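Colleague: Following this message is one structure expressed as structure tokens.
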Amino acid sequence: MTRTQIRSYLEYYRDLGIDFIYKPQIFKPERVAPPVMTIPVPEPIIVPALSPSGETLEAIRADIGDCRRCRLCEGRQTIVFGSGNEQSPLVFVGEGPGADEDEQGLPFVGRAGQLLTQMIENTAAKEGIPIKRPHVYICNVVKCRPPENRTPLPDEMEICGQFLFRQIMAIRPKAICVLGSTAMKALLNTKEGITKSRGKWHKWRDIPVMVTYHPSYLLRQYNQQAKREAWEDLKTLLHFVYD
Ligand code: URA
């Protein structure tokens with residue numbers, strides 16, 4: 001399908017008032033008796049499927065099933081879908097599970113996770129915002145642990161990213177917090193690096209997105225400045241969501 005054809009499909013859907021299209025599907029038109037005037041139909045036609053409305057996290061998890069859609073399934077112990085408040089106005093998105101997460105089936109439970117919990121809870125307490133970690137929703141771009149904790153590959157992010165997008169659309173939070181450059185790449189169309197993008201508001205679809213450093217980076221860094229910046233980013237984010 002050409003770019004022009006894709007554009008015209010998207011414009012057609014937009015004109016219908018539909019601005020969210022999430023997953024391409026191959027659609028092969030059935031052969032029908034030729035009409036009097038024949039118009040050539042390209043075959044197969046790629047028609048973007050429309051997002052199902054009213055989708056639940058439970059249905060998305062069921063769709064993932066015992067996923068074998070990419071190579072990450074080979075080394076995983078568990079699929080780490082996400083955890084927290086499913087009606088949260090705030091969603092945190094990390095990169096992918098590490099060893100601890102893979103073992104427990106929960107996101108951000110290792111050292112980086114403990115730092116993230118502290119950052120959320122201490123910033124909230126200091127700012128007089130009554131929230132704890134269970135009040136927010138936390139998930140990752142990829143749901144299976146990459147071997148040796150390597151960065152997820154583009155095709156892995158593409159495949160699993162579809163589930164992330166559906167999770168966010170199901171929750172429809174007031175804001176998203178992107179943790180690190182992998183999550184930033186998955187959600188934002190920016191060429192800027194993390195140091196330039198952090199601390200600023202971006203958008204994923206119509207949802208405001210705050211970018212900040214990944215907690216693992218803060219653990220590795222001896223740079224106190226990065227930590228201070230991440231705390232500032234969280235402060236801005238929490239006031240925006242909860243004030
Ligand atoms: N790092 C991530 O990006 N996600 C986790 O769940 C744990 C560590």
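In the structure tokens, chains take letters A, B, ... by order of appearance, with residues numbered from 1 within each chain and ligands from 1 in the order shown.
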If the limit is 9 Å from any atom of ligand 1, counting only C-alpha atoms and all ligand atoms, which residues qualify? Return them as a ChimeraX atom specification.
Modeller: /A:80,82,93-102,106-113,138-143,145,149,179-180,182-183,214-216
Colleague: Please identify the strand (DSSP E) residues within stretch 121-240 of chain A (assignment by DSSP from backbone atoms) and present them as a list of chain:residue names.
Modeller: A:Tyr137, A:Ile138, A:Cys139, A:Asn140, A:Ala175, A:Ile176, A:Cys177, A:Val178, A:Leu179, A:Trp201, A:His202, A:Lys203, A:Trp204, A:Ile207, A:Pro208, A:Val209, A:Met210, A:Val211, A:Thr212
Colleague: Which residues are near A:Cys160? Cut-off 9 Å, only C-alpha atoms, ignore same chain within fewer than 2 positions. Put them as an MDAnalysis selection string.
Modeller: chainID A and resid 69:70 141:143 155:158 162:165
Colleague: Can I get the selection written as a PDB file, in the first residue's frame, with N, CA, C and O atoms?
Modeller:
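Once everything was written out, this is again_1.pdb:
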```
ATOM      1  N   ARG A  69       5.197 -14.219  20.606  1.00  0.00           N
ATOM      2  CA  ARG A  69       5.260 -13.366  19.421  1.00  0.00           C
ATOM      3  C   ARG A  69       6.670 -12.881  19.097  1.00  0.00           C
ATOM      4  O   ARG A  69       6.927 -12.415  18.003  1.00  0.00           O
ATOM      5  N   CYS A  70       7.583 -12.926  20.078  1.00  0.00           N
ATOM      6  CA  CYS A  70       8.966 -12.533  19.768  1.00  0.00           C
ATOM      7  C   CYS A  70       9.933 -13.403  20.557  1.00  0.00           C
ATOM      8  O   CYS A  70       9.531 -14.171  21.424  1.00  0.00           O
ATOM      9  N   VAL A 141       7.702  -1.227  28.619  1.00  0.00           N
ATOM     10  CA  VAL A 141       7.495  -1.336  27.167  1.00  0.00           C
ATOM     11  C   VAL A 141       7.429  -2.811  26.787  1.00  0.00           C
ATOM     12  O   VAL A 141       6.486  -3.249  26.137  1.00  0.00           O
ATOM     13  N   VAL A 142       8.441  -3.595  27.175  1.00  0.00           N
ATOM     14  CA  VAL A 142       8.368  -5.038  26.884  1.00  0.00           C
ATOM     15  C   VAL A 142       8.036  -5.797  28.172  1.00  0.00           C
ATOM     16  O   VAL A 142       8.449  -5.413  29.254  1.00  0.00           O
ATOM     17  N   LYS A 143       7.286  -6.855  28.013  1.00  0.00           N
ATOM     18  CA  LYS A 143       6.748  -7.572  29.178  1.00  0.00           C
ATOM     19  C   LYS A 143       7.601  -8.782  29.558  1.00  0.00           C
ATOM     20  O   LYS A 143       7.297  -9.434  30.559  1.00  0.00           O
ATOM     21  N   ASP A 155      12.137  -4.548  16.933  1.00  0.00           N
ATOM     22  CA  ASP A 155      10.959  -5.382  16.629  1.00  0.00           C
ATOM     23  C   ASP A 155      10.265  -5.854  17.914  1.00  0.00           C
ATOM     24  O   ASP A 155       9.037  -5.976  17.964  1.00  0.00           O
ATOM     25  N   GLU A 156      11.049  -6.086  18.967  1.00  0.00           N
ATOM     26  CA  GLU A 156      10.460  -6.483  20.251  1.00  0.00           C
ATOM     27  C   GLU A 156       9.604  -5.335  20.811  1.00  0.00           C
ATOM     28  O   GLU A 156       8.504  -5.555  21.336  1.00  0.00           O
ATOM     29  N   MET A 157      10.139  -4.126  20.660  1.00  0.00           N
ATOM     30  CA  MET A 157       9.395  -2.949  21.147  1.00  0.00           C
ATOM     31  C   MET A 157       8.134  -2.710  20.331  1.00  0.00           C
ATOM     32  O   MET A 157       7.097  -2.310  20.845  1.00  0.00           O
ATOM     33  N   GLU A 158       8.252  -2.966  19.052  1.00  0.00           N
ATOM     34  CA  GLU A 158       7.108  -2.774  18.142  1.00  0.00           C
ATOM     35  C   GLU A 158       5.971  -3.738  18.496  1.00  0.00           C
ATOM     36  O   GLU A 158       4.810  -3.347  18.632  1.00  0.00           O
ATOM     37  N   GLN A 162       2.422  -2.588  21.228  1.00  0.00           N
ATOM     38  CA  GLN A 162       0.978  -2.594  20.958  1.00  0.00           C
ATOM     39  C   GLN A 162       0.185  -2.842  22.239  1.00  0.00           C
ATOM     40  O   GLN A 162      -0.879  -2.266  22.443  1.00  0.00           O
ATOM     41  N   PHE A 163       0.731  -3.710  23.095  1.00  0.00           N
ATOM     42  CA  PHE A 163       0.038  -3.998  24.358  1.00  0.00           C
ATOM     43  C   PHE A 163       0.163  -2.822  25.319  1.00  0.00           C
ATOM     44  O   PHE A 163      -0.762  -2.497  26.051  1.00  0.00           O
ATOM     45  N   LEU A 164       1.345  -2.194  25.306  1.00  0.00           N
ATOM     46  CA  LEU A 164       1.530  -1.012  26.152  1.00  0.00           C
ATOM     47  C   LEU A 164       0.521   0.072  25.757  1.00  0.00           C
ATOM     48  O   LEU A 164      -0.129   0.669  26.618  1.00  0.00           O
ATOM     49  N   PHE A 165       0.395   0.321  24.463  1.00  0.00           N
ATOM     50  CA  PHE A 165      -0.539   1.364  24.003  1.00  0.00           C
ATOM     51  C   PHE A 165      -1.956   1.030  24.461  1.00  0.00           C
ATOM     52  O   PHE A 165      -2.699   1.900  24.904  1.00  0.00           O
TER      53      PHE A 165
END
```
Colleague: Using only C-alpha atoms, which of A:Gln104, A:Pro130, A:Gly161, A:Leu90 sits nearest A:Met210?
Modeller: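 Closest to A:Met210, using only C-alpha atoms: A:Leu90.
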Colleague: Could you tell me how far atom CA of A:Gln118 sits from atom CA of A:Arg220, in Å to one decimal place?
Modeller: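 Separation of atom CA of A:Arg220 and atom CA of A:Gln118: 16.3 Å.
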Colleague: Using backbone DSSP assignments, extract all helix (DSSP H, G or I) residues from stretch 56-233 of chain A; output them as a PDB file with C-alpha atoms, in the first residue's frame.
Modeller:
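Result file is states-v7.pdb:
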```
ATOM      1  CA  LEU A  57      -6.608  -4.566  31.301  1.00  0.00           C
ATOM      2  CA  GLU A  58      -7.887  -8.063  31.991  1.00  0.00           C
ATOM      3  CA  ALA A  59      -8.813  -8.501  28.322  1.00  0.00           C
ATOM      4  CA  ILE A  60      -5.412  -7.194  27.203  1.00  0.00           C
ATOM      5  CA  ARG A  61      -3.640  -9.594  29.569  1.00  0.00           C
ATOM      6  CA  ALA A  62      -5.779 -12.442  28.228  1.00  0.00           C
ATOM      7  CA  ASP A  63      -4.811 -11.436  24.692  1.00  0.00           C
ATOM      8  CA  ILE A  64      -1.130 -11.633  25.584  1.00  0.00           C
ATOM      9  CA  ARG A  71      12.267 -14.099  20.844  1.00  0.00           C
ATOM     10  CA  LEU A  72      12.039 -12.665  24.390  1.00  0.00           C
ATOM     11  CA  CYS A  73       9.676 -15.498  25.329  1.00  0.00           C
ATOM     12  CA  GLU A  74      12.610 -17.928  25.107  1.00  0.00           C
ATOM     13  CA  ALA A  99      15.870 -10.618  36.945  1.00  0.00           C
ATOM     14  CA  ASP A 100      13.840  -9.810  40.066  1.00  0.00           C
ATOM     15  CA  GLU A 101      10.806  -8.745  38.068  1.00  0.00           C
ATOM     16  CA  ASP A 102      11.034 -11.867  35.884  1.00  0.00           C
ATOM     17  CA  GLU A 103      11.083 -14.017  39.003  1.00  0.00           C
ATOM     18  CA  GLN A 104       8.235 -12.267  40.823  1.00  0.00           C
ATOM     19  CA  ARG A 111      16.912  -2.217  43.259  1.00  0.00           C
ATOM     20  CA  ALA A 112      15.738   0.207  40.587  1.00  0.00           C
ATOM     21  CA  GLY A 113      12.169  -0.476  41.667  1.00  0.00           C
ATOM     22  CA  GLN A 114      12.947   0.269  45.282  1.00  0.00           C
ATOM     23  CA  LEU A 115      14.465   3.575  44.243  1.00  0.00           C
ATOM     24  CA  LEU A 116      11.392   4.357  42.117  1.00  0.00           C
ATOM     25  CA  THR A 117       9.093   3.572  45.071  1.00  0.00           C
ATOM     26  CA  GLN A 118      11.153   5.857  47.327  1.00  0.00           C
ATOM     27  CA  MET A 119      11.142   8.609  44.749  1.00  0.00           C
ATOM     28  CA  ILE A 120       7.369   8.475  44.337  1.00  0.00           C
ATOM     29  CA  GLU A 121       6.562   8.170  48.024  1.00  0.00           C
ATOM     30  CA  ASN A 122       9.148  10.604  49.392  1.00  0.00           C
ATOM     31  CA  THR A 123       8.395  13.293  46.819  1.00  0.00           C
ATOM     32  CA  ALA A 124       4.666  12.917  47.432  1.00  0.00           C
ATOM     33  CA  ALA A 125       5.116  13.089  51.227  1.00  0.00           C
ATOM     34  CA  LYS A 126       7.373  16.134  50.994  1.00  0.00           C
ATOM     35  CA  ARG A 133       3.136   3.474  45.090  1.00  0.00           C
ATOM     36  CA  PRO A 134      -0.016   1.276  44.974  1.00  0.00           C
ATOM     37  CA  HIS A 135      -2.026   4.361  43.961  1.00  0.00           C
ATOM     38  CA  PRO A 147      18.605 -11.666  27.993  1.00  0.00           C
ATOM     39  CA  GLU A 148      21.416 -10.200  30.095  1.00  0.00           C
ATOM     40  CA  ASN A 149      19.163  -7.167  30.612  1.00  0.00           C
ATOM     41  CA  PRO A 154      13.129  -2.432  17.729  1.00  0.00           C
ATOM     42  CA  ASP A 155      10.959  -5.382  16.629  1.00  0.00           C
ATOM     43  CA  GLU A 156      10.460  -6.483  20.251  1.00  0.00           C
ATOM     44  CA  MET A 157       9.395  -2.949  21.147  1.00  0.00           C
ATOM     45  CA  GLU A 158       7.108  -2.774  18.142  1.00  0.00           C
ATOM     46  CA  ILE A 159       5.329  -6.039  18.976  1.00  0.00           C
ATOM     47  CA  CYS A 160       5.021  -5.516  22.732  1.00  0.00           C
ATOM     48  CA  GLY A 161       4.434  -1.774  22.345  1.00  0.00           C
ATOM     49  CA  GLN A 162       0.978  -2.594  20.958  1.00  0.00           C
ATOM     50  CA  PHE A 163       0.038  -3.998  24.358  1.00  0.00           C
ATOM     51  CA  LEU A 164       1.530  -1.012  26.152  1.00  0.00           C
ATOM     52  CA  PHE A 165      -0.539   1.364  24.003  1.00  0.00           C
ATOM     53  CA  ARG A 166      -3.669  -0.630  24.754  1.00  0.00           C
ATOM     54  CA  GLN A 167      -2.886  -0.609  28.484  1.00  0.00           C
ATOM     55  CA  ILE A 168      -2.545   3.172  28.453  1.00  0.00           C
ATOM     56  CA  MET A 169      -5.729   3.602  26.417  1.00  0.00           C
ATOM     57  CA  ALA A 170      -7.614   1.322  28.817  1.00  0.00           C
ATOM     58  CA  ILE A 171      -6.441   3.302  31.865  1.00  0.00           C
ATOM     59  CA  SER A 181      15.235   6.538  26.772  1.00  0.00           C
ATOM     60  CA  THR A 182      13.718   3.163  25.761  1.00  0.00           C
ATOM     61  CA  ALA A 183      10.276   4.140  27.053  1.00  0.00           C
ATOM     62  CA  MET A 184      10.788   7.584  25.546  1.00  0.00           C
ATOM     63  CA  LYS A 185      11.481   6.031  22.125  1.00  0.00           C
ATOM     64  CA  ALA A 186       8.432   3.804  22.425  1.00  0.00           C
ATOM     65  CA  LEU A 187       6.027   6.632  23.209  1.00  0.00           C
ATOM     66  CA  ILE A 194      17.007  12.018  27.461  1.00  0.00           C
ATOM     67  CA  THR A 195      18.996  14.892  29.006  1.00  0.00           C
ATOM     68  CA  LYS A 196      17.278  17.369  26.695  1.00  0.00           C
ATOM     69  CA  SER A 197      13.815  15.811  26.895  1.00  0.00           C
ATOM     70  CA  PRO A 215      16.041   4.769  38.145  1.00  0.00           C
ATOM     71  CA  SER A 216      18.774   2.285  37.084  1.00  0.00           C
ATOM     72  CA  TYR A 217      20.661   5.198  35.574  1.00  0.00           C
ATOM     73  CA  LEU A 218      20.331   7.072  38.838  1.00  0.00           C
ATOM     74  CA  LEU A 219      21.642   4.036  40.729  1.00  0.00           C
ATOM     75  CA  ARG A 220      24.674   3.777  38.443  1.00  0.00           C
ATOM     76  CA  GLN A 224      24.027  13.904  42.209  1.00  0.00           C
ATOM     77  CA  GLN A 225      22.790  16.421  39.659  1.00  0.00           C
ATOM     78  CA  ALA A 226      20.832  13.745  37.714  1.00  0.00           C
ATOM     79  CA  LYS A 227      19.172  12.598  40.946  1.00  0.00           C
ATOM     80  CA  ARG A 228      18.185  16.149  41.850  1.00  0.00           C
ATOM     81  CA  GLU A 229      16.755  16.626  38.367  1.00  0.00           C
ATOM     82  CA  ALA A 230      14.715  13.404  38.562  1.00  0.00           C
ATOM     83  CA  TRP A 231      13.231  14.504  41.913  1.00  0.00           C
ATOM     84  CA  GLU A 232      12.334  17.871  40.349  1.00  0.00           C
ATOM     85  CA  ASP A 233      10.654  16.095  37.423  1.00  0.00           C
TER      86      ASP A 233
END
```
Colleague: Please identify all polymer residues within 8 Å of A:Ile207, counting only C-alpha atoms, omitting same-chain residues fewer than 5 positions from it, and present them as a list of chain:residue names.
Modeller: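 Residues meeting the cut-off are A:Arg172, A:Pro173, A:Lys174, A:Ala175, A:Ile176.
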Colleague: What is the distance between atom CA of A:Cys177 and atom CA of A:Pro208, in Å to one decimal?
Modeller: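 According to the coordinates, atom CA of A:Cys177 and atom CA of A:Pro208 are separated by 8.8 Å.
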